[in-house]
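Asks: Take a look at input.txt, compact mmCIF, C-alpha atoms and all ligand atoms:
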# COMPACT_ATOMS: atom_id res chain seq x y z
CA MET Z 1 -98.08 39.45 -39.77
CA PRO Z 2 -99.35 36.56 -41.91
CA LYS Z 3 -96.54 34.94 -43.84
CA PHE Z 4 -98.05 35.72 -47.26
CA LEU Z 5 -98.34 39.37 -46.38
CA ALA Z 6 -94.76 39.33 -45.23
CA TYR Z 7 -93.72 37.79 -48.54
CA GLN Z 8 -95.70 40.32 -50.60
CA THR Z 9 -94.41 43.19 -48.53
CA LEU Z 10 -90.83 42.06 -48.97
CA ASN Z 11 -91.44 41.79 -52.70
CA LYS Z 12 -92.74 45.33 -52.84
CA LEU Z 13 -90.09 46.80 -50.63
CA LYS Z 14 -87.12 45.25 -52.30
CA THR Z 15 -86.27 45.79 -55.93
CA PRO Z 16 -83.99 43.08 -57.29
CA ALA Z 17 -81.07 45.50 -57.00
CA GLN Z 18 -81.88 46.20 -53.35
CA THR Z 19 -82.27 42.50 -52.68
CA LEU Z 20 -78.90 41.82 -54.25
CA ALA Z 21 -77.33 44.51 -52.15
CA VAL Z 22 -78.37 42.83 -48.90
CA ASP Z 23 -76.58 39.51 -49.24
CA ALA Z 24 -74.62 40.16 -52.42
CA VAL Z 25 -75.97 36.99 -53.99
CA HIS Z 26 -77.76 36.28 -57.22
CA LEU Z 27 -81.47 36.93 -57.44
CA ILE Z 28 -83.42 33.71 -57.22
CA SER Z 29 -86.55 33.84 -59.31
CA ASN Z 30 -88.30 31.97 -62.06
CA PHE Z 31 -87.42 34.84 -64.34
CA THR Z 32 -83.71 34.38 -63.79
CA LYS Z 33 -82.46 31.13 -65.20
CA MET Z 34 -79.60 30.05 -63.02
CA ASN Z 35 -76.74 27.64 -62.82
CA ILE Z 36 -77.62 25.25 -60.02
CA GLY Z 37 -75.19 22.85 -58.40
CA ILE Z 38 -76.78 19.77 -56.89
CA LEU Z 39 -74.47 18.00 -54.45
CA GLY Z 40 -75.86 14.48 -54.36
CA SER Z 41 -76.85 11.82 -56.85
CA GLY Z 42 -79.53 9.95 -54.88
CA VAL Z 43 -83.28 10.04 -55.46
CA VAL Z 44 -83.51 13.56 -54.02
CA GLY Z 45 -80.73 14.97 -56.19
CA GLN Z 46 -82.22 13.32 -59.28
CA ALA Z 47 -85.74 14.62 -58.55
CA LEU Z 48 -84.55 18.19 -57.97
CA ALA Z 49 -82.24 18.17 -60.95
CA GLY Z 50 -84.99 16.88 -63.27
CA ALA Z 51 -87.52 19.45 -62.09
CA LEU Z 52 -85.06 22.34 -62.33
CA ILE Z 53 -83.99 21.43 -65.85
CA LYS Z 54 -87.66 21.33 -66.85
CA ASN Z 55 -87.89 24.89 -65.51
CA GLY Z 56 -85.06 25.98 -67.79
CA HIS Z 57 -82.16 26.11 -65.31
CA TYR Z 58 -78.71 24.73 -66.00
CA VAL Z 59 -77.94 21.95 -63.53
CA GLN Z 60 -74.72 20.20 -62.62
CA MET Z 61 -75.06 17.11 -60.45
CA GLY Z 62 -72.10 16.50 -58.18
CA SER Z 63 -70.75 13.22 -56.95
CA ARG Z 64 -67.64 11.94 -55.20
CA THR Z 65 -65.99 11.67 -58.62
CA SER Z 66 -66.79 13.60 -61.79
CA LYS Z 67 -66.83 10.31 -63.69
CA ASN Z 68 -69.56 8.70 -61.58
CA GLU Z 69 -71.43 6.37 -63.95
CA LYS Z 70 -74.83 7.31 -62.56
CA THR Z 71 -74.41 11.08 -62.87
CA VAL Z 72 -72.71 10.90 -66.27
CA ALA Z 73 -75.60 8.75 -67.57
CA TRP Z 74 -78.11 11.12 -66.00
CA ALA Z 75 -76.50 14.15 -67.67
CA LYS Z 76 -76.45 12.39 -71.03
CA GLY Z 77 -80.16 11.61 -70.80
CA ALA Z 78 -81.24 14.96 -69.38
CA GLY Z 79 -80.15 17.11 -72.32
CA GLU Z 80 -78.03 20.14 -72.98
CA TYR Z 81 -78.84 21.91 -69.70
CA ALA Z 82 -77.46 19.02 -67.64
CA SER Z 83 -73.91 18.17 -66.68
CA ALA Z 84 -72.05 15.96 -64.20
CA GLY Z 85 -69.12 16.86 -61.98
CA SER Z 86 -67.49 16.27 -58.65
CA PHE Z 87 -68.97 17.82 -55.49
CA ASN Z 88 -66.39 20.59 -55.78
CA GLU Z 89 -67.08 21.22 -59.47
CA ALA Z 90 -70.84 21.38 -58.91
CA ALA Z 91 -70.27 23.82 -56.03
CA LEU Z 92 -68.21 26.06 -58.30
CA PHE Z 93 -70.75 25.76 -61.14
CA GLY Z 94 -73.81 26.77 -59.14
CA ASP Z 95 -75.10 30.27 -58.45
CA LEU Z 96 -77.32 28.33 -56.07
CA ILE Z 97 -76.19 25.09 -54.41
CA ILE Z 98 -78.48 22.39 -53.05
CA ILE Z 99 -76.98 19.82 -50.67
CA CYS Z 100 -78.71 16.44 -51.00
CA LEU Z 101 -76.10 14.19 -49.44
CA ASN Z 102 -76.38 11.14 -47.25
CA GLY Z 103 -76.63 12.55 -43.73
CA GLU Z 104 -73.87 10.34 -42.36
CA TYR Z 105 -71.34 11.65 -44.90
CA THR Z 106 -72.60 15.19 -45.45
CA LEU Z 107 -69.92 16.92 -43.39
CA GLU Z 108 -67.11 14.83 -44.88
CA ALA Z 109 -68.33 15.73 -48.37
CA VAL Z 110 -68.92 19.40 -47.54
CA HIS Z 111 -65.41 19.67 -46.05
CA SER Z 112 -64.01 18.19 -49.27
CA ILE Z 113 -65.20 21.18 -51.33
CA ASP Z 114 -63.31 24.46 -51.52
CA ALA Z 115 -65.30 26.85 -49.33
CA GLU Z 116 -64.31 29.70 -51.69
CA ASN Z 117 -66.40 28.04 -54.41
CA VAL Z 118 -69.58 28.84 -52.48
CA ARG Z 119 -68.62 32.25 -51.08
CA ASN Z 120 -71.55 34.70 -51.34
CA LYS Z 121 -73.85 31.98 -52.64
CA ILE Z 122 -77.05 30.60 -51.20
CA VAL Z 123 -76.76 26.96 -50.16
CA ILE Z 124 -79.95 25.02 -49.50
CA ASP Z 125 -79.32 22.16 -47.08
CA LEU Z 126 -82.01 19.46 -47.00
CA THR Z 127 -79.99 16.71 -45.35
CA ASN Z 128 -80.98 14.72 -42.28
CA PRO Z 129 -78.56 13.28 -39.71
CA LEU Z 130 -80.30 9.94 -39.53
CA ASP Z 131 -78.83 6.81 -38.00
CA PHE Z 132 -80.45 3.63 -39.34
CA SER Z 133 -77.97 1.28 -37.63
CA SER Z 134 -80.53 0.13 -35.04
CA GLY Z 135 -83.36 -0.25 -37.55
CA MET Z 136 -86.55 1.74 -37.93
CA PRO Z 137 -87.45 4.38 -37.03
CA PRO Z 138 -84.00 5.95 -37.30
CA SER Z 139 -82.45 7.96 -34.50
CA ILE Z 140 -80.37 11.13 -34.79
CA LEU Z 141 -76.67 10.55 -35.41
CA GLU Z 142 -74.53 10.84 -32.30
CA GLY Z 143 -73.24 14.40 -31.85
CA LEU Z 144 -75.68 15.94 -34.36
CA GLY Z 145 -78.72 16.56 -32.16
CA ASN Z 146 -79.80 18.60 -29.12
CA THR Z 147 -76.85 20.99 -28.96
CA THR Z 148 -76.13 21.25 -32.68
CA SER Z 149 -77.42 20.05 -36.06
CA LEU Z 150 -76.28 19.25 -39.58
CA GLY Z 151 -77.59 22.64 -40.70
CA GLU Z 152 -75.36 24.44 -38.18
CA LYS Z 153 -72.36 22.27 -39.02
CA VAL Z 154 -72.81 22.90 -42.76
CA GLN Z 155 -72.98 26.67 -42.12
CA GLU Z 156 -69.83 26.43 -39.95
CA ALA Z 157 -68.01 24.53 -42.69
CA LEU Z 158 -69.01 27.12 -45.31
CA PRO Z 159 -68.72 30.43 -43.44
CA GLY Z 160 -68.87 32.59 -46.60
CA ALA Z 161 -72.10 30.98 -47.82
CA PHE Z 162 -75.70 31.74 -46.85
CA VAL Z 163 -77.06 28.38 -45.76
CA VAL Z 164 -80.82 27.85 -45.60
CA LYS Z 165 -82.24 24.66 -44.14
CA THR Z 166 -85.48 23.56 -45.74
CA LEU Z 167 -87.20 20.71 -47.66
CA ASN Z 168 -85.80 18.08 -45.25
CA THR Z 169 -89.19 17.25 -43.68
CA ILE Z 170 -90.97 16.02 -46.81
CA ASN Z 171 -90.67 13.29 -49.41
CA TYR Z 172 -88.65 14.14 -52.52
CA LYS Z 173 -91.67 13.98 -54.85
CA LEU Z 174 -93.44 16.58 -52.76
CA MET Z 175 -90.35 18.81 -52.64
CA VAL Z 176 -90.62 19.52 -56.36
CA ASP Z 177 -94.42 19.70 -56.58
CA ALA Z 178 -96.22 20.83 -53.44
CA ARG Z 179 -99.58 20.35 -55.17
CA LEU Z 180 -99.29 16.57 -54.84
CA VAL Z 181 -100.70 16.68 -51.30
CA ASN Z 182 -103.90 18.52 -50.34
CA ASN Z 183 -103.61 20.92 -53.30
CA GLY Z 184 -100.48 22.38 -51.77
CA ASP Z 185 -102.19 23.32 -48.52
CA HIS Z 186 -99.57 22.14 -46.00
CA ASN Z 187 -96.45 23.60 -44.44
CA LEU Z 188 -92.76 23.73 -45.06
CA PHE Z 189 -90.20 25.05 -42.59
CA LEU Z 190 -87.13 27.16 -43.26
CA CYS Z 191 -84.36 28.36 -40.99
CA GLY Z 192 -80.99 30.02 -41.38
CA ASN Z 193 -79.00 32.99 -40.20
CA TYR Z 194 -79.61 35.28 -43.20
CA PRO Z 195 -83.16 36.68 -43.59
CA ASP Z 196 -82.61 37.92 -47.14
CA SER Z 197 -81.38 34.52 -48.28
CA LYS Z 198 -84.40 32.85 -46.69
CA ASN Z 199 -86.61 35.31 -48.58
CA LYS Z 200 -84.89 34.42 -51.84
CA VAL Z 201 -85.28 30.71 -51.16
CA MET Z 202 -88.99 31.28 -50.52
CA HIS Z 203 -89.25 32.95 -53.96
CA PHE Z 204 -87.37 30.02 -55.45
CA LEU Z 205 -89.72 27.42 -53.89
CA VAL Z 206 -92.82 29.35 -54.96
CA ASP Z 207 -91.56 29.95 -58.49
CA ASN Z 208 -90.16 26.50 -59.17
CA PHE Z 209 -91.98 23.93 -57.06
CA HIS Z 210 -95.54 25.26 -56.66
CA TRP Z 211 -95.22 26.08 -52.96
CA LYS Z 212 -97.73 28.63 -51.67
CA ALA Z 213 -95.93 31.54 -50.05
CA SER Z 214 -98.44 31.33 -47.19
CA SER Z 215 -97.30 27.74 -46.48
CA LEU Z 216 -93.70 28.65 -45.78
CA ILE Z 217 -92.79 29.07 -42.12
CA ASP Z 218 -89.53 30.80 -41.20
CA LEU Z 219 -88.46 29.38 -37.84
CA GLY Z 220 -85.54 31.76 -37.31
CA GLY Z 221 -81.81 31.17 -37.06
CA MET Z 222 -79.99 28.00 -38.03
CA GLU Z 223 -80.20 26.60 -34.50
CA ALA Z 224 -83.85 25.78 -35.37
CA ALA Z 225 -82.39 23.04 -37.60
CA ARG Z 226 -82.01 20.99 -34.40
CA ALA Z 227 -85.80 20.75 -34.23
CA VAL Z 228 -86.60 20.37 -37.94
CA GLU Z 229 -84.05 17.60 -38.28
CA ALA Z 230 -85.24 15.88 -35.09
CA ILE Z 231 -88.83 15.73 -36.39
CA VAL Z 232 -87.83 13.38 -39.21
CA PRO Z 233 -87.86 10.14 -37.13
CA PHE Z 234 -91.46 11.10 -36.26
CA TRP Z 235 -92.15 11.61 -39.99
CA VAL Z 236 -90.84 8.07 -40.57
CA LEU Z 237 -93.23 6.66 -37.94
CA VAL Z 238 -96.19 8.37 -39.63
CA TYR Z 239 -94.98 7.13 -43.02
CA ARG Z 240 -94.94 3.56 -41.75
CA LYS Z 241 -98.42 3.93 -40.30
CA LEU Z 242 -99.93 5.52 -43.45
CA ASP Z 243 -97.93 3.30 -45.81
CA THR Z 244 -97.32 6.23 -48.15
CA PRO Z 245 -94.78 9.09 -48.16
CA MET Z 246 -97.30 11.45 -49.76
CA PHE Z 247 -98.35 13.45 -46.69
CA ASN Z 248 -97.10 16.46 -44.81
CA PHE Z 249 -97.47 18.52 -41.66
CA LYS Z 250 -100.12 21.28 -41.60
CA ILE Z 251 -100.03 23.77 -38.75
CA VAL Z 252 -103.44 25.12 -37.70
CA GLN Z 253 -104.21 27.91 -35.26
N1 LIG R 301 -85.54 10.48 -49.72
C1 LIG R 301 -86.31 11.51 -49.38
O1 LIG R 301 -87.50 11.61 -49.80
C2 LIG R 301 -85.76 12.60 -48.51
C3 LIG R 301 -86.61 13.57 -48.02
C4 LIG R 301 -86.10 14.62 -47.24
C5 LIG R 301 -84.72 14.67 -47.00
N2 LIG R 301 -83.92 13.68 -47.48
C6 LIG R 301 -82.48 13.76 -47.22
O2 LIG R 301 -81.82 13.98 -48.47
C7 LIG R 301 -80.50 13.46 -48.42
C8 LIG R 301 -80.25 12.65 -49.69
O3 LIG R 301 -81.06 11.51 -49.69
P1 LIG R 301 -81.06 10.50 -50.93
O4 LIG R 301 -81.92 9.36 -50.52
O5 LIG R 301 -81.33 11.19 -52.19
O6 LIG R 301 -79.54 10.06 -51.10
P2 LIG R 301 -78.53 9.23 -50.18
O7 LIG R 301 -78.43 7.87 -50.75
O8 LIG R 301 -78.84 9.38 -48.74
O9 LIG R 301 -77.16 10.04 -50.49
C9 LIG R 301 -76.64 10.05 -51.77
C10 LIG R 301 -75.41 10.92 -51.84
O10 LIG R 301 -74.56 10.74 -50.71
C11 LIG R 301 -73.22 10.57 -51.18
N3 LIG R 301 -72.43 9.69 -50.32
C12 LIG R 301 -72.74 8.43 -49.92
N4 LIG R 301 -71.72 7.92 -49.20
C13 LIG R 301 -70.76 8.87 -49.14
C14 LIG R 301 -69.48 8.95 -48.55
N5 LIG R 301 -68.94 7.91 -47.87
N6 LIG R 301 -68.78 10.09 -48.68
C15 LIG R 301 -69.28 11.14 -49.39
N7 LIG R 301 -70.49 11.11 -49.98
C16 LIG R 301 -71.22 10.00 -49.86
C17 LIG R 301 -73.36 9.92 -52.54
O11 LIG R 301 -72.19 10.18 -53.29
P3 LIG R 301 -71.99 9.59 -54.78
O12 LIG R 301 -72.79 10.51 -55.65
O13 LIG R 301 -70.55 9.69 -55.02
O14 LIG R 301 -72.51 8.19 -54.77
C18 LIG R 301 -74.60 10.59 -53.09
O15 LIG R 301 -74.28 11.75 -53.80
C19 LIG R 301 -80.39 12.69 -47.12
O16 LIG R 301 -79.70 13.46 -46.17
C20 LIG R 301 -81.85 12.48 -46.69
O17 LIG R 301 -82.01 12.37 -45.29
C21 LIG R 301 -84.39 12.66 -48.21
Please rewrite the model in this file as structure tokens.
Ligand SMILES: NC(=O)c1ccc[n+]([C@@H]2O[C@H](COP(=O)([O-])OP(=O)(O)OC[C@H]3O[C@@H](n4cnc5c(N)ncnc54)[C@H](OP(=O)(O)O)[C@@H]3O)[C@@H](O)[C@H]2O)c1

Replies:
Amino acid sequence: MPKFLAYQTLNKLKTPAQTLAVDAVHLISNFTKMNIGILGSGVVGQALAGALIKNGHYVQMGSRTSKNEKTVAWAKGAGEYASAGSFNEAALFGDLIIICLNGEYTLEAVHSIDAENVRNKIVIDLTNPLDFSSGMPPSILEGLGNTTSLGEKVQEALPGAFVVKTLNTINYKLMVDARLVNNGDHNLFLCGNYPDSKNKVMHFLVDNFHWKASSLIDLGGMEAARAVEAIVPFWVLVYRKLDTPMFNFKIVQ
């Protein structure tokens, strides 16, 4: 079944109440303004936080300390919908959590939060386990490829949460506005162990970041994160060749 049909069908079949019943999580939609916890203060966290505040969501940006100068300054400048906290505080704050942490320290940071703070919540993981220690292109961090992945490790660390891996294969500007390349005609991959949560994340991407539902490809369970994380060194090679990060993969049949 074409992906868009699948998306429409799911929309028709599931009322919000039915959708909620499946995973017992909050409905993700443009019509529901949410509290969103962004774990990460880098360019990705800042881009997502800015775009989500523009869309009317409340956003807390988490850092190693709640008094991080960068996040406190960001919150001050971003208005009344913005706040700064620690990773743990942002996890507690969010109905939806987005993990935008440095790949090398993601697991350390995720283990530092109280897993109860994300119980029954959707967690989007867009991190990449990249090792830049031998220069460019990066390789995959030892122990986080082939037989496992950051996505799987994040899900293991947060067993009560519904982790969805996505957005890790594109530049941060494109994450928040898919129209910036080829009028939005290109693909984004998702994987995770909870179909209903993946469906909600698809709604969220369509409603907030101009992704076409037909562009979203569900690759199955979280073990697919091994492949979508491993493609990123190839993305870096293409980036160096094209000299711009504004491109993406498009799957044709
Ligand atoms: N750049 C892109 O376009 C792009 C695209 C797709 C995916 N990604 C992925 O997105 C993630 C975020 O990338 P980014 O460039 O925005 O940020 P980044 O510089 O890779 O990471 C920033 C975050 O990592 C935290 N961090 C750094 N060292 C740490 C440590 N020792 N312990 C705990 N936390 C630590 C920082 O904490 P503090 O807030 O306390 O400083 C900060 O919140 C990465 O996994 C990257 O691969 C990036």

Asks: Closest to Val118 of chain Z among Z:Glu104, Z:His57, Z:Ile36, Z:Asp196, using all atoms listed in the file?

Replies: Z:Ile36

Asks: Within 6 Å of ligand LIG 301 (chain R), which residues show up when you count all atoms listed in the file? List them as a list in words, please.

Replies: Gly40, Ser41, Gly42, Val43, Val44, Gly45, Ser63, Arg64, Cys100, Leu101, Asn102, Gly103, Tyr105, Ala109, Leu126, Thr127, Asn128, Asn168, Thr169, Ile170, Asn171 and Tyr172 of chain Z

Asks: Can you pull out every residue within 12 Å of Lys54 of chain Z, counting all atoms listed in the file, but drop anything in the same chain fewer than 5 positions away, and send it as a VMD selection string?

Replies: chain Z and resid 30 33 47 to 49 59 78 to 82 176 208 to 209

Asks: Atom CA of Tyr194 of chain Z and atom CA of Gln155 of chain Z are how many Å apart?

Replies: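 Spanning atom CA of Tyr194 of chain Z to atom CA of Gln155 of chain Z is a straight-line distance of 10.9 Å.
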
Asks: Just want the 8 Å neighbourhood of Gly37 of chain Z, counted on only C-alpha atoms, with same-chain residues fewer than 4 positions away dropped. Output as a ChimeraX atom specification.

Replies: /Z:59-62,90-98

Asks: Determine, counting all atoms listed in the file, which protein, DNA and RNA residues have an atom within 7 Å of an atom of segment 143-154 of chain Z; residues of the same chain fewer than 3 positions away are not included. Present the result as a CSV table (one decimal) with C-alpha atoms, keeping the file's coordinate frame.

Replies:
chain,number,residue,atom,x,y,z
Z,107,LEU,CA,-69.9,16.9,-43.4
Z,125,ASP,CA,-79.3,22.2,-47.1
Z,129,PRO,CA,-78.6,13.3,-39.7
Z,140,ILE,CA,-80.4,11.1,-34.8
Z,157,ALA,CA,-68.0,24.5,-42.7
Z,158,LEU,CA,-69.0,27.1,-45.3
Z,165,LYS,CA,-82.2,24.7,-44.1
Z,222,MET,CA,-80.0,28.0,-38.0
Z,223,GLU,CA,-80.2,26.6,-34.5
Z,225,ALA,CA,-82.4,23.0,-37.6
Z,226,ARG,CA,-82.0,21.0,-34.4

Asks: I'd like the interatomic distance between atom CA of Leu219 of chain Z and atom CA of Phe189 of chain Z, to a tenth of an Å.

Replies: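 Straight-line distance from atom CA of Leu219 of chain Z to atom CA of Phe189 of chain Z works out to 6.7 Å.
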
Asks: What gap, in Å, lies between atom CA of Asn68 of chain Z and atom CA of Leu205 of chain Z?

Replies: 28.6 Å

Asks: With distances taken over all atoms listed in the file, which of Z:Thr71, Z:Leu190, Z:Ile217, Z:Phe204 is nearest to Met34 of chain Z?

Replies: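 Under the stated criterion, the closest residue is Z:Phe204.
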
Asks: Taking (-88.4, 6.2, -42.4) in the file's coordinates, which residues come within 10 Å, counting all atoms listed in the file, written as a PyMOL selection string?

Replies: chain Z and resi 130+132+135-138+232-240+245

Asks: May I ask which of the residues Z:Gly184, Z:Gly50, Z:Pro159, Z:Gly192 is the closest one to Trp74 of chain Z, counting only C-alpha atoms?

Replies: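 Smallest distance to Trp74 of chain Z is found for Z:Gly50.
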
Asks: Let me know the centre plus edge lengths, in Å and rounded to one decimal, of a box with edges along x, y and z that contains all listed atoms of segment 107-126 of chain Z and is padded by 6 Å on every side, as AutoDock Vina command-line options.

Replies:
--center_x -72.7 --center_y 24.8 --center_z -48.9 --size_x 30.7 --size_y 31.9 --size_z 23.0

Asks: Rank Z:Phe249, Z:Phe87, Z:Phe162, Z:Tyr58 by their smallest atom-to-atom distance to Asn193 of chain Z, using all atoms listed in the file, and report the top residue only.

Replies: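 Of all the options, Z:Phe162 lies closest to Asn193 of chain Z.
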
Asks: Residues around (-100.5, 21.5, -47.2), cut-off 10 Å, counting all atoms listed in the file - what are they as a PyMOL selection string?

Replies: chain Z and resi 178-188+211-212+215-216+247-251
